[in-house]
file upload-v6.txt (compact mmCIF, C-alpha atoms)
# COMPACT_ATOMS: atom_id res chain seq x y z
CA MET A 1 0.00 0.00 0.00
CA SER A 2 1.24 3.49 -0.77
CA HIS A 3 1.26 6.02 2.03
CA ARG A 4 -1.25 8.60 0.85
CA ALA A 5 -3.63 8.09 3.79
CA ILE A 6 -6.27 6.05 5.48
CA VAL A 7 -9.29 8.19 6.31
CA ILE A 8 -11.68 6.98 9.02
CA VAL A 9 -15.02 8.76 8.94
CA GLY A 10 -16.61 8.52 12.38
CA ALA A 11 -14.72 9.27 15.58
CA GLY A 12 -16.49 6.90 17.92
CA LEU A 13 -15.35 3.64 19.48
CA ALA A 14 -15.11 1.82 16.14
CA GLY A 15 -13.10 4.58 14.49
CA ALA A 16 -10.72 4.92 17.43
CA ARG A 17 -10.20 1.16 17.68
CA ALA A 18 -9.47 0.96 13.95
CA ALA A 19 -6.90 3.75 14.21
CA GLN A 20 -5.27 2.01 17.17
CA THR A 21 -5.06 -1.29 15.28
CA LEU A 22 -3.52 0.35 12.21
CA ARG A 23 -0.66 1.61 14.34
CA GLU A 24 -0.32 -1.67 16.25
CA GLU A 25 -0.05 -3.52 12.93
CA GLY A 26 2.81 -1.28 11.83
CA TYR A 27 1.07 1.02 9.36
CA ASP A 28 3.11 4.24 9.40
CA GLY A 29 1.22 6.27 6.81
CA PRO A 30 -1.15 9.14 7.54
CA VAL A 31 -4.29 8.27 9.51
CA HIS A 32 -7.14 10.79 9.67
CA LEU A 33 -10.03 10.38 12.10
CA VAL A 34 -13.03 12.60 11.33
CA GLY A 35 -15.87 13.17 13.82
CA GLU A 36 -18.82 15.54 14.01
CA GLU A 37 -18.73 15.85 17.79
CA PRO A 38 -16.27 18.20 19.51
CA GLU A 39 -14.95 15.54 21.91
CA ARG A 40 -12.38 12.85 21.24
CA PRO A 41 -13.76 9.30 20.79
CA TYR A 42 -15.76 7.90 23.68
CA GLU A 43 -17.89 4.82 24.40
CA ARG A 44 -21.67 5.13 24.27
CA PRO A 45 -23.01 2.42 26.65
CA PRO A 46 -22.34 4.50 29.80
CA LEU A 47 -24.50 7.29 28.39
CA SER A 48 -27.63 5.32 29.32
CA LYS A 49 -26.07 3.41 32.22
CA GLU A 50 -23.33 4.49 34.66
CA TYR A 51 -22.73 7.98 33.32
CA LEU A 52 -26.42 8.82 33.11
CA GLY A 53 -26.89 7.38 36.59
CA GLY A 54 -24.09 9.50 38.03
CA THR A 55 -21.82 6.61 39.05
CA ALA A 56 -19.15 7.06 36.34
CA GLU A 57 -16.84 9.99 35.80
CA ARG A 58 -16.69 11.77 32.46
CA GLU A 59 -13.08 10.80 31.80
CA ALA A 60 -13.81 7.10 32.23
CA GLY A 61 -15.77 6.89 28.98
CA PHE A 62 -13.03 8.01 26.58
CA VAL A 63 -11.46 5.34 24.40
CA HIS A 64 -7.92 6.74 24.74
CA PRO A 65 -6.20 9.30 26.95
CA GLU A 66 -6.15 12.80 25.50
CA GLY A 67 -2.54 12.65 24.35
CA TRP A 68 -2.78 9.23 22.66
CA TYR A 69 -3.73 10.53 19.21
CA ALA A 70 -0.82 12.97 18.92
CA GLU A 71 1.59 10.39 20.33
CA HIS A 72 0.52 7.89 17.67
CA ASP A 73 0.34 10.42 14.85
CA VAL A 74 -3.41 10.05 14.36
CA GLU A 75 -4.80 13.33 13.11
CA LEU A 76 -8.12 14.16 14.75
CA HIS A 77 -10.61 16.29 12.82
CA LEU A 78 -13.20 16.97 15.53
CA ALA A 79 -16.36 19.03 15.11
CA ARG A 80 -15.98 18.41 11.38
CA ARG A 81 -18.52 16.78 9.09
CA ALA A 82 -17.67 14.65 6.08
CA THR A 83 -19.87 16.04 3.29
CA ALA A 84 -18.93 13.75 0.40
CA LEU A 85 -17.05 10.59 -0.45
CA ASP A 86 -15.44 11.34 -3.82
CA LEU A 87 -14.48 7.94 -5.17
CA ALA A 88 -13.28 9.19 -8.54
CA GLY A 89 -11.12 11.87 -6.94
CA ARG A 90 -10.13 9.56 -4.07
CA ALA A 91 -10.82 12.14 -1.37
CA VAL A 92 -13.21 12.76 1.52
CA ALA A 93 -14.66 16.27 1.44
CA LEU A 94 -15.19 18.05 4.75
CA ASP A 95 -17.40 20.97 5.64
CA GLY A 96 -15.52 24.19 5.09
CA GLY A 97 -14.19 22.99 1.75
CA SER A 98 -11.11 20.97 2.75
CA ARG A 99 -10.42 17.52 1.29
CA LEU A 100 -8.57 14.49 2.66
CA PRO A 101 -6.96 12.29 -0.04
CA PHE A 102 -7.11 8.57 0.66
CA ASP A 103 -5.89 5.14 -0.34
CA ARG A 104 -8.49 3.48 1.87
CA VAL A 105 -11.59 4.76 3.64
CA LEU A 106 -13.32 3.26 6.65
CA LEU A 107 -16.91 4.36 7.23
CA ALA A 108 -17.59 4.18 10.97
CA THR A 109 -20.37 6.77 10.96
CA GLY A 110 -22.64 4.85 13.34
CA ALA A 111 -26.32 5.57 13.68
CA ARG A 112 -28.60 8.31 14.95
CA SER A 113 -31.73 8.25 17.06
CA ARG A 114 -34.95 7.56 15.20
CA ARG A 115 -37.10 10.63 15.79
CA LEU A 116 -40.80 11.24 16.02
CA SER A 117 -42.02 13.23 13.05
CA GLY A 118 -44.94 15.39 12.01
CA PRO A 119 -47.34 17.34 14.20
CA GLY A 120 -46.93 16.42 17.86
CA SER A 121 -43.29 15.35 17.46
CA GLY A 122 -42.27 17.56 20.39
CA GLU A 123 -39.54 19.16 18.30
CA GLY A 124 -38.29 22.31 20.02
CA LEU A 125 -40.02 21.67 23.35
CA ALA A 126 -37.85 21.92 26.46
CA GLY A 127 -37.83 18.65 28.40
CA VAL A 128 -37.99 16.38 25.32
CA HIS A 129 -34.88 14.21 25.01
CA TYR A 130 -33.21 11.73 22.71
CA LEU A 131 -30.11 9.84 23.82
CA ARG A 132 -27.19 9.15 21.53
CA THR A 133 -24.41 11.60 22.37
CA ARG A 134 -22.50 12.73 25.45
CA ALA A 135 -24.17 16.15 25.23
CA GLU A 136 -27.61 14.53 25.16
CA SER A 137 -26.74 12.40 28.18
CA ASP A 138 -25.57 15.52 30.04
CA ALA A 139 -28.82 17.33 29.27
CA LEU A 140 -30.97 14.38 30.29
CA ARG A 141 -29.05 13.81 33.53
CA ALA A 142 -29.57 17.48 34.43
CA ASP A 143 -33.33 16.98 34.03
CA LEU A 144 -33.39 13.77 36.09
CA ALA A 145 -30.83 14.20 38.83
CA ASP A 146 -32.89 16.23 41.31
CA GLY A 147 -35.73 13.69 41.32
CA GLY A 148 -39.39 14.43 41.83
CA ARG A 149 -40.12 14.78 38.11
CA ARG A 150 -42.79 13.04 36.05
CA VAL A 151 -40.78 11.17 33.43
CA VAL A 152 -42.39 9.46 30.44
CA VAL A 153 -40.27 7.16 28.29
CA VAL A 154 -41.54 6.42 24.79
CA GLY A 155 -40.18 3.02 23.80
CA ALA A 156 -39.59 -0.16 25.79
CA GLY A 157 -36.33 -1.27 24.20
CA TRP A 158 -32.84 -1.23 25.68
CA ILE A 159 -32.40 2.54 25.75
CA GLY A 160 -35.90 3.11 27.08
CA LEU A 161 -35.55 0.64 29.93
CA GLU A 162 -32.04 1.74 30.90
CA VAL A 163 -33.19 5.37 31.02
CA ALA A 164 -36.25 4.35 33.03
CA ALA A 165 -34.04 2.58 35.57
CA ALA A 166 -31.75 5.60 35.93
CA ALA A 167 -34.69 8.00 36.21
CA ARG A 168 -36.39 5.89 38.85
CA THR A 169 -33.15 5.52 40.83
CA TYR A 170 -32.95 9.32 41.00
CA GLY A 171 -36.41 9.32 42.62
CA ASN A 172 -38.59 10.32 39.68
CA ASP A 173 -42.06 9.01 38.82
CA VAL A 174 -41.52 6.98 35.66
CA THR A 175 -43.94 5.75 33.01
CA VAL A 176 -42.79 3.62 30.07
CA LEU A 177 -44.96 3.41 26.96
CA GLY A 178 -44.37 0.45 24.62
CA ARG A 179 -46.20 -0.87 21.58
CA GLU A 180 -45.30 -4.54 22.11
CA THR A 181 -46.86 -7.10 24.43
CA VAL A 182 -43.86 -7.02 26.78
CA PRO A 183 -40.67 -4.94 26.94
CA LEU A 184 -37.84 -6.09 24.67
CA ASN A 185 -40.18 -8.38 22.79
CA VAL A 186 -38.28 -7.99 19.53
CA ALA A 187 -34.89 -8.64 21.14
CA LEU A 188 -35.77 -11.37 23.64
CA GLY A 189 -39.28 -12.65 22.96
CA ASP A 190 -42.25 -12.77 25.33
CA GLU A 191 -40.80 -15.07 28.02
CA LEU A 192 -37.59 -13.15 28.69
CA GLY A 193 -39.14 -9.78 27.97
CA ALA A 194 -41.57 -10.47 30.80
CA VAL A 195 -38.61 -10.82 33.20
CA PHE A 196 -37.70 -7.20 32.50
CA GLY A 197 -41.32 -6.17 32.78
CA HIS A 198 -41.55 -7.66 36.28
CA LEU A 199 -38.24 -6.03 37.21
CA HIS A 200 -39.43 -2.55 36.33
CA ARG A 201 -42.84 -2.91 37.92
CA ARG A 202 -41.18 -4.19 41.09
CA HIS A 203 -39.18 -0.97 41.20
CA GLY A 204 -42.22 1.23 40.78
CA VAL A 205 -42.16 1.93 37.05
CA ASP A 206 -45.61 2.35 35.50
CA LEU A 207 -45.18 0.07 32.49
CA ARG A 208 -47.89 0.44 29.86
CA MET A 209 -47.60 -2.00 26.99
CA ARG A 210 -49.67 -2.28 23.82
CA THR A 211 -49.85 1.50 23.90
CA ALA A 212 -49.60 3.71 20.83
CA VAL A 213 -48.38 7.29 21.11
CA GLY A 214 -50.23 9.99 19.21
CA GLY A 215 -47.87 12.87 19.93
CA ILE A 216 -46.13 15.02 22.52
CA ALA A 217 -48.01 17.90 24.13
CA GLY A 218 -46.50 21.16 25.32
CA GLU A 219 -47.29 24.61 26.57
CA SER A 220 -45.22 27.82 26.54
CA GLY A 221 -42.30 26.01 24.93
CA ARG A 222 -42.08 23.16 27.47
CA VAL A 223 -43.37 19.60 27.38
CA THR A 224 -46.48 18.87 29.44
CA GLY A 225 -47.32 15.31 28.50
CA VAL A 226 -47.58 12.52 25.96
CA GLU A 227 -50.84 12.06 24.10
CA LEU A 228 -51.89 8.48 23.45
CA GLU A 229 -53.94 7.36 20.48
CA GLY A 230 -57.46 7.80 21.74
CA GLY A 231 -56.75 11.14 23.34
CA GLU A 232 -55.51 10.34 26.86
CA ILE A 233 -52.69 12.61 28.05
CA VAL A 234 -49.99 11.13 30.26
CA PRO A 235 -48.62 14.14 32.23
CA ALA A 236 -44.87 14.66 31.93
CA ASP A 237 -42.17 17.09 32.99
CA VAL A 238 -39.57 15.11 31.04
CA VAL A 239 -40.06 12.92 27.96
CA VAL A 240 -37.41 10.58 26.59
CA VAL A 241 -37.92 9.08 23.14
CA GLY A 242 -36.15 5.76 22.57
CA ILE A 243 -37.66 4.20 19.45
CA GLY A 244 -34.61 2.82 17.70
CA ALA A 245 -31.79 4.04 15.51
CA VAL A 246 -31.16 4.83 11.84
CA PRO A 247 -27.78 4.06 10.22
CA ASN A 248 -25.82 7.08 9.01
CA ASP A 249 -25.32 5.71 5.50
CA GLU A 250 -25.91 8.89 3.49
CA LEU A 251 -22.25 9.30 2.47
CA ALA A 252 -22.25 5.78 1.07
CA THR A 253 -25.57 6.24 -0.71
CA GLU A 254 -24.51 9.48 -2.36
CA ALA A 255 -21.22 7.91 -3.43
CA GLY A 256 -23.08 5.08 -5.17
CA LEU A 257 -22.06 2.28 -2.83
CA GLN A 258 -24.44 -0.61 -2.21
CA VAL A 259 -26.70 0.32 0.70
CA ASP A 260 -29.57 -1.70 2.15
CA GLY A 261 -30.47 -0.64 5.67
CA GLY A 262 -26.78 0.12 6.21
CA VAL A 263 -23.65 -0.06 4.09
CA VAL A 264 -23.50 -3.55 2.59
CA VAL A 265 -20.10 -5.16 3.17
CA ASP A 266 -18.66 -8.64 2.78
CA GLU A 267 -17.15 -10.82 5.50
CA HIS A 268 -13.95 -8.75 5.26
CA LEU A 269 -15.99 -5.59 5.89
CA ARG A 270 -15.27 -4.37 2.34
CA SER A 271 -18.02 -2.44 0.58
CA SER A 272 -19.00 -2.59 -3.09
CA HIS A 273 -15.94 -0.38 -3.75
CA PRO A 274 -12.65 -2.24 -3.10
CA ASP A 275 -11.06 0.65 -1.21
CA VAL A 276 -13.99 1.51 1.04
CA TYR A 277 -14.80 -0.45 4.19
CA ALA A 278 -17.51 -0.05 6.81
CA VAL A 279 -17.82 -1.16 10.42
CA GLY A 280 -20.04 -0.76 13.47
CA ASP A 281 -23.64 0.40 13.53
CA VAL A 282 -23.58 1.59 9.92
CA ALA A 283 -22.37 -1.70 8.43
CA ARG A 284 -24.58 -4.51 7.16
CA ALA A 285 -21.99 -7.26 7.09
CA PHE A 286 -22.11 -10.74 5.59
CA HIS A 287 -21.85 -13.26 8.39
CA PRO A 288 -20.35 -16.60 7.36
CA ALA A 289 -22.17 -18.61 10.04
CA LEU A 290 -25.57 -17.24 9.01
CA GLY A 291 -24.96 -17.08 5.27
CA ARG A 292 -26.53 -13.64 5.06
CA HIS A 293 -26.00 -10.00 5.97
CA LEU A 294 -26.56 -8.70 9.49
CA ARG A 295 -26.41 -5.22 10.99
CA VAL A 296 -25.42 -5.23 14.67
CA GLU A 297 -25.79 -2.01 16.67
CA HIS A 298 -24.17 -3.10 19.90
CA TRP A 299 -21.00 -1.86 21.59
CA ALA A 300 -19.06 -5.13 21.25
CA ASN A 301 -19.39 -5.02 17.48
CA ALA A 302 -17.66 -1.63 17.33
CA LEU A 303 -15.05 -2.81 19.83
CA ASN A 304 -14.17 -6.11 18.17
CA ALA A 305 -14.99 -5.70 14.48
CA ALA A 306 -13.03 -2.46 14.05
CA PRO A 307 -9.64 -4.23 14.42
CA ILE A 308 -10.78 -6.72 11.77
CA ALA A 309 -11.62 -3.87 9.40
CA ALA A 310 -8.24 -2.23 10.04
CA ARG A 311 -6.33 -5.43 9.31
CA ALA A 312 -8.42 -6.06 6.18
CA MET A 313 -7.54 -2.56 4.92
CA LEU A 314 -3.89 -3.50 5.34
CA GLY A 315 -4.37 -6.54 3.12
CA GLN A 316 -4.55 -9.22 5.79
CA ASP A 317 -6.85 -12.21 5.21
CA VAL A 318 -9.24 -11.70 8.14
CA VAL A 319 -12.95 -12.40 8.46
CA ASP A 320 -15.65 -10.88 10.65
CA ASP A 321 -17.31 -13.98 12.10
CA LEU A 322 -17.98 -12.52 15.56
CA VAL A 323 -20.90 -13.75 17.64
CA PRO A 324 -22.98 -10.67 18.56
CA TYR A 325 -22.73 -9.69 22.23
CA PHE A 326 -24.40 -7.05 24.37
CA TYR A 327 -25.09 -6.33 28.01
CA THR A 328 -27.35 -4.24 30.20
CA ASP A 329 -27.55 -3.06 33.81
CA GLN A 330 -30.97 -2.13 35.19
CA PHE A 331 -31.69 -1.78 38.90
CA ASP A 332 -30.37 -4.98 40.52
CA LEU A 333 -30.25 -6.93 37.24
CA SER A 334 -27.11 -7.32 35.15
CA MET A 335 -27.20 -9.34 31.97
CA GLU A 336 -24.94 -10.52 29.14
CA TYR A 337 -26.26 -11.89 25.84
CA SER A 338 -24.33 -13.75 23.16
CA GLY A 339 -25.93 -15.02 20.00
CA TYR A 340 -27.99 -14.48 16.89
CA PHE A 341 -31.13 -12.64 17.93
CA ASP A 342 -32.76 -13.17 14.52
CA LEU A 343 -32.50 -16.96 14.91
CA ALA A 344 -33.64 -16.82 18.54
CA ARG A 345 -37.00 -15.18 17.82
CA HIS A 346 -38.80 -18.46 17.24
CA ALA A 347 -36.51 -20.79 19.17
CA GLU A 348 -37.20 -22.94 22.22
CA VAL A 349 -35.96 -21.48 25.51
CA VAL A 350 -34.16 -23.73 28.03
CA TYR A 351 -33.34 -22.39 31.50
CA ARG A 352 -30.49 -23.15 33.85
CA GLY A 353 -31.78 -21.80 37.15
CA ASP A 354 -35.04 -20.09 38.02
CA PRO A 355 -35.97 -16.96 36.02
CA GLY A 356 -38.20 -15.92 38.89
CA GLY A 357 -35.30 -16.03 41.33
CA GLY A 358 -33.20 -13.40 39.63
CA GLU A 359 -30.19 -15.61 38.80
CA PHE A 360 -30.31 -17.83 35.74
CA VAL A 361 -28.98 -18.57 32.28
CA ALA A 362 -31.36 -18.84 29.33
CA PHE A 363 -30.51 -20.67 26.12
CA TRP A 364 -32.34 -20.41 22.82
CA LEU A 365 -32.28 -23.68 20.89
CA VAL A 366 -33.09 -24.44 17.26
CA GLY A 367 -33.24 -28.20 17.13
CA GLU A 368 -30.31 -29.31 19.29
CA THR A 369 -28.20 -26.22 18.59
CA VAL A 370 -27.76 -23.21 20.88
CA VAL A 371 -28.23 -20.05 18.78
CA ALA A 372 -28.16 -17.58 21.70
CA GLY A 373 -27.65 -17.47 25.45
CA MET A 374 -28.22 -14.91 28.18
CA ASN A 375 -26.80 -14.98 31.69
CA VAL A 376 -28.63 -12.88 34.30
CA ASN A 377 -26.75 -12.12 37.53
CA VAL A 378 -24.59 -15.17 36.84
CA TRP A 379 -20.93 -14.45 36.15
CA ASP A 380 -17.97 -15.96 34.34
CA VAL A 381 -20.09 -18.03 31.96
CA SER A 382 -20.34 -15.68 28.98
CA PRO A 383 -17.24 -17.09 27.22
CA ALA A 384 -18.69 -20.61 27.46
CA VAL A 385 -22.06 -19.40 26.16
CA GLU A 386 -20.32 -17.74 23.21
CA ARG A 387 -18.41 -20.95 22.45
CA LEU A 388 -21.64 -22.96 22.50
CA VAL A 389 -23.21 -20.59 20.00
CA ARG A 390 -20.15 -20.44 17.78
CA SER A 391 -19.68 -24.21 17.66
CA GLY A 392 -23.15 -25.08 16.39
CA ALA A 393 -22.65 -28.45 18.10
CA PRO A 394 -25.68 -30.46 19.28
CA VAL A 395 -26.36 -30.16 23.01
CA ASP A 396 -28.31 -32.38 25.40
CA ARG A 397 -31.15 -30.24 26.84
CA ARG A 398 -31.04 -31.99 30.22
CA MET A 399 -27.35 -31.30 30.64
CA LEU A 400 -27.82 -27.73 29.48
CA ALA A 401 -30.45 -27.16 32.17
CA ASP A 402 -28.51 -28.96 34.91
CA ALA A 403 -26.50 -26.42 36.94
CA ALA A 404 -24.37 -29.28 38.26
CA VAL A 405 -22.90 -29.76 34.77
CA PRO A 406 -20.22 -27.10 34.13
CA LEU A 407 -20.90 -25.18 30.95
CA ASP A 408 -17.25 -25.58 30.02
CA GLU A 409 -17.92 -29.31 29.62
CA LEU A 410 -20.65 -28.58 27.06
CA ALA A 411 -18.85 -25.79 25.19
CA PRO A 412 -16.09 -26.96 22.84
CA GLN A 413 -12.75 -25.33 23.51
CA PRO A 414 -11.17 -23.50 20.57
CA ALA A 415 -8.49 -25.40 18.70
CA ALA A 416 -4.97 -24.70 19.90
call {"tool": "encode", "arguments": {"input": "upload-v6.txt", "output": "structure tokens"}}
result
Amino acid sequence: MSHRAIVIVGAGLAGARAAQTLREEGYDGPVHLVGEEPERPYERPPLSKEYLGGTAEREAGFVHPEGWYAEHDVELHLARRATALDLAGRAVALDGGSRLPFDRVLLATGARSRRLSGPGSGEGLAGVHYLRTRAESDALRADLADGGRRVVVVGAGWIGLEVAAAARTYGNDVTVLGRETVPLNVALGDELGAVFGHLHRRHGVDLRMRTAVGGIAGESGRVTGVELEGGEIVPADVVVVGIGAVPNDELATEAGLQVDGGVVVDEHLRSSHPDVYAVGDVARAFHPALGRHLRVEHWANALNAAPIAARAMLGQDVVDDLVPYFYTDQFDLSMEYSGYFDLARHAEVVYRGDPGGGEFVAFWLVGETVVAGMNVNVWDVSPAVERLVRSGAPVDRRMLADAAVPLDELAPQPAA
């Protein structure tokens, strides 16, 4: 590879990890890291967990110490927006008119909050929040931290429930509005979603499922409530909208790359252009184990797939065959999940332990194969769960459910 430059568009966890790997692998050419936010790369999970809840310091969330980028000759372009990916001219255009020539480009542009639209969207009303950035987490924490507020959360997914837990812990009255039968229905199904429903109700959250939102009401520039379809108003001093995310794939689309609900890439994270790669929330990557493309929005994907993308850009024969992983902390429940959530939607669930007792492992089985596993308040088993999923080996249900049988005995060890 010549040493014109590698340009990484997106200065989040994935972009920072890719830059780090390039240097670790010995690449000594120019590396540019472009990000729209004014802060150096940071991790997003704490924004709805420890940082929002006030138990983590600001500095703890940054990917690297402040001086790391200069020390490793990674040029940060913060508070700058990439406006075009010029494939013919082999340059990334930035706002203000400057251009960054490239040999390779990595799109790590992530995703943005899906927003309510149309009349009643709450746009411009004080007290209406979305949660994706550090600045948004700061603003939301300021509205929650004193307690005593009426907080309505629109959406019963991961962000919605984590925000609800933080808001309730601060001493606010919290109502969660969800369209599904139970929280996290899409991610976990009815059985496991109900576990989270019980958790929140036990901690005083007013959880209203099968509820459709008509709009957000306000008066004198400030939110006053959420209107349900049918006309009922749920009073609110603070409203948090957590209804999913949209991949930031506009650069790729305008450049003529293949896009389908994210930038389509192969198992090497290479796009339809041989010198453009994509990773993280924006990438819809081909997964060898599934035989199809999958877009994974979780933290571990940015953490672990970015080094693969960096090595692939350097010409190494590497493949992204990671098993998706995510975690959550809500009230007194901590959970880790490894597996293919698409395959788990219609799978049989086998439990090790009692879901009603607060400590258990759940396995989703298709036939005799574990396609996903989730450990709740049970520690040091996640690597074994991941190995079970990765192996695709048949498993005896009785042994899987028997806590006396170590999971390491059921999970094949990787070849030496």
call {"tool": "closest_residue", "arguments": {"input": "upload-v6.txt", "among": "A:Phe196, A:Tyr325, A:Trp379, A:Phe341", "to": "Leu365 of chain A", "atoms": "all atoms listed in the file"}}
result
A:Phe341
call {"tool": "residues_around", "arguments": {"input": "upload-v6.txt", "residues": "Thr181 of chain A", "least_positions_apart": "2", "cutoff": "8 Å", "atoms": "only C-alpha atoms", "output": "PDB file with C-alpha atoms, in the frame of the given file"}}
result
ATOM      1  CA  GLY A 178     -44.370   0.450  24.620  1.00  0.00           C
ATOM      2  CA  ARG A 179     -46.200  -0.870  21.580  1.00  0.00           C
ATOM      3  CA  PRO A 183     -40.670  -4.940  26.940  1.00  0.00           C
ATOM      4  CA  ASN A 185     -40.180  -8.380  22.790  1.00  0.00           C
ATOM      5  CA  ASP A 190     -42.250 -12.770  25.330  1.00  0.00           C
ATOM      6  CA  MET A 209     -47.600  -2.000  26.990  1.00  0.00           C
ATOM      7  CA  ARG A 210     -49.670  -2.280  23.820  1.00  0.00           C
TER       8      ARG A 210
END
call {"tool": "closest_residue", "arguments": {"input": "upload-v6.txt", "among": "A:Thr133, A:Thr109, A:Ser48, A:Thr21", "to": "Tyr327 of chain A", "atoms": "only C-alpha atoms"}}
result
A:Ser48
call {"tool": "closest_residue", "arguments": {"input": "upload-v6.txt", "among": "A:Ala135, A:Leu85, A:Ala14, A:Ala212", "to": "Gly230 of chain A", "atoms": "only C-alpha atoms"}}
result
A:Ala212
call {"tool": "residues_around", "arguments": {"input": "upload-v6.txt", "residues": "Val259 of chain A", "least_positions_apart": "3", "cutoff": "12 Å", "atoms": "only C-alpha atoms", "output": "list in words"}}
result
Pro247, Asn248, Asp249, Glu250, Leu251, Ala252, Thr253, Glu254, Ala255, Gly256, Gly262, Val263, Val264, Val265, Ser271, Ser272, His273, Ala278, Val282, Ala283, Arg284, Ala285, His293 and Arg295 of chain A
call {"tool": "closest_residue", "arguments": {"input": "upload-v6.txt", "among": "A:Ile8, A:Leu314, A:Leu52, A:Leu13", "to": "His32 of chain A", "atoms": "only C-alpha atoms"}}
result
A:Ile8
call {"tool": "residues_around", "arguments": {"input": "upload-v6.txt", "residues": "Leu407 of chain A", "least_positions_apart": "5", "cutoff": "8 Å", "atoms": "all atoms listed in the file", "output": "list in words"}}
result
Val381, Ala384, Val385 and Leu400 of chain A
call {"tool": "closest_residue", "arguments": {"input": "upload-v6.txt", "among": "A:Arg345, A:Arg17, A:Arg104, A:Arg132", "to": "Arg270 of chain A", "atoms": "only C-alpha atoms"}}
result
A:Arg104
call {"tool": "closest_residue", "arguments": {"input": "upload-v6.txt", "among": "A:Val7, A:Val371, A:Ala164, A:Ala393", "to": "Gly242 of chain A", "atoms": "all atoms listed in the file"}}
result
A:Ala164
call {"tool": "atom_distance", "arguments": {"input": "upload-v6.txt", "atom1": "atom CA of Arg40 of chain A", "atom2": "atom CA of Gly61 of chain A"}}
result
10.3 Å
call {"tool": "residues_around", "arguments": {"input": "upload-v6.txt", "residues": "Asp206 of chain A", "least_positions_apart": "3", "cutoff": "12 Å", "atoms": "all atoms listed in the file", "output": "list in words"}}
result
Arg150, Val151, Val152, Val153, Ala156, Leu161, Ala164, Ala165, Arg168, Asn172, Asp173, Val174, Thr175, Val176, Leu177, Gly178, Gly197, His198, Leu199, His200, Arg201, Arg202, His203, Met209 and Val234 of chain A
call {"tool": "residues_near_point", "arguments": {"input": "upload-v6.txt", "point": "(-26.0, -14.1, 36.7)", "cutoff": "12 Å", "atoms": "all atoms listed in the file", "output": "PyMOL selection string"}}
result
chain A and resi 327-329+332-337+352-355+357-362+373-382
call {"tool": "residues_around", "arguments": {"input": "upload-v6.txt", "residues": "His64 of chain A", "least_positions_apart": "3", "cutoff": "9 Å", "atoms": "only C-alpha atoms", "output": "compact mmCIF listing (two decimals) with C-alpha atoms, in the frame of the given file"}}
result
# COMPACT_ATOMS: atom_id res chain seq x y z
CA ALA A 16 -10.72 4.92 17.43
CA ARG A 40 -12.38 12.85 21.24
CA PRO A 41 -13.76 9.30 20.79
CA TYR A 42 -15.76 7.90 23.68
CA GLY A 61 -15.77 6.89 28.98
CA GLY A 67 -2.54 12.65 24.35
CA TRP A 68 -2.78 9.23 22.66
CA TYR A 69 -3.73 10.53 19.21
call {"tool": "atom_distance", "arguments": {"input": "upload-v6.txt", "atom1": "atom CA of Ala84 of chain A", "atom2": "atom CA of Leu106 of chain A"}}
result
13.4 Å
call {"tool": "atom_distance", "arguments": {"input": "upload-v6.txt", "atom1": "atom CA of Tyr351 of chain A", "atom2": "atom CA of Ala194 of chain A"}}
result
14.5 Å
call {"tool": "decode", "arguments": {"input": "upload-v6.txt", "residues": "segment 202-212 of chain A", "atoms": "N, CA and C atoms", "output": "mmCIF file, in the first residue's frame"}}
result
data_model
loop_
_atom_site.group_PDB
_atom_site.id
_atom_site.type_symbol
_atom_site.label_atom_id
_atom_site.label_comp_id
_atom_site.auth_asym_id
_atom_site.auth_seq_id
_atom_site.Cartn_x
_atom_site.Cartn_y
_atom_site.Cartn_z
ATOM 1 N N ARG A 202 -41.591 -3.992 39.701
ATOM 2 C CA ARG A 202 -41.178 -4.192 41.092
ATOM 3 C C ARG A 202 -40.477 -2.955 41.648
ATOM 4 N N HIS A 203 -39.867 -2.180 40.773
ATOM 5 C CA HIS A 203 -39.175 -0.969 41.203
ATOM 6 C C HIS A 203 -40.015 0.291 40.990
ATOM 7 N N GLY A 204 -41.312 0.100 40.786
ATOM 8 C CA GLY A 204 -42.220 1.234 40.781
ATOM 9 C C GLY A 204 -42.411 1.921 39.461
ATOM 10 N N VAL A 205 -41.942 1.343 38.368
ATOM 11 C CA VAL A 205 -42.162 1.926 37.048
ATOM 12 C C VAL A 205 -43.570 1.565 36.582
ATOM 13 N N ASP A 206 -44.292 2.561 36.087
ATOM 14 C CA ASP A 206 -45.615 2.348 35.496
ATOM 15 C C ASP A 206 -45.394 1.935 34.050
ATOM 16 N N LEU A 207 -45.487 0.631 33.803
ATOM 17 C CA LEU A 207 -45.176 0.074 32.491
ATOM 18 C C LEU A 207 -46.479 -0.170 31.734
ATOM 19 N N ARG A 208 -46.661 0.570 30.651
ATOM 20 C CA ARG A 208 -47.891 0.445 29.861
ATOM 21 C C ARG A 208 -47.546 -0.103 28.482
ATOM 22 N N MET A 209 -47.883 -1.350 28.260
ATOM 23 C CA MET A 209 -47.603 -1.997 26.990
ATOM 24 C C MET A 209 -48.844 -1.983 26.102
ATOM 25 N N ARG A 210 -48.623 -2.342 24.837
ATOM 26 C CA ARG A 210 -49.674 -2.280 23.817
ATOM 27 C C ARG A 210 -50.289 -0.885 23.779
ATOM 28 N N THR A 211 -49.417 0.102 23.841
ATOM 29 C CA THR A 211 -49.845 1.496 23.898
ATOM 30 C C THR A 211 -49.238 2.251 22.728
ATOM 31 N N ALA A 212 -50.065 2.936 21.973
ATOM 32 C CA ALA A 212 -49.601 3.714 20.828
ATOM 33 C C ALA A 212 -49.601 5.193 21.184
#
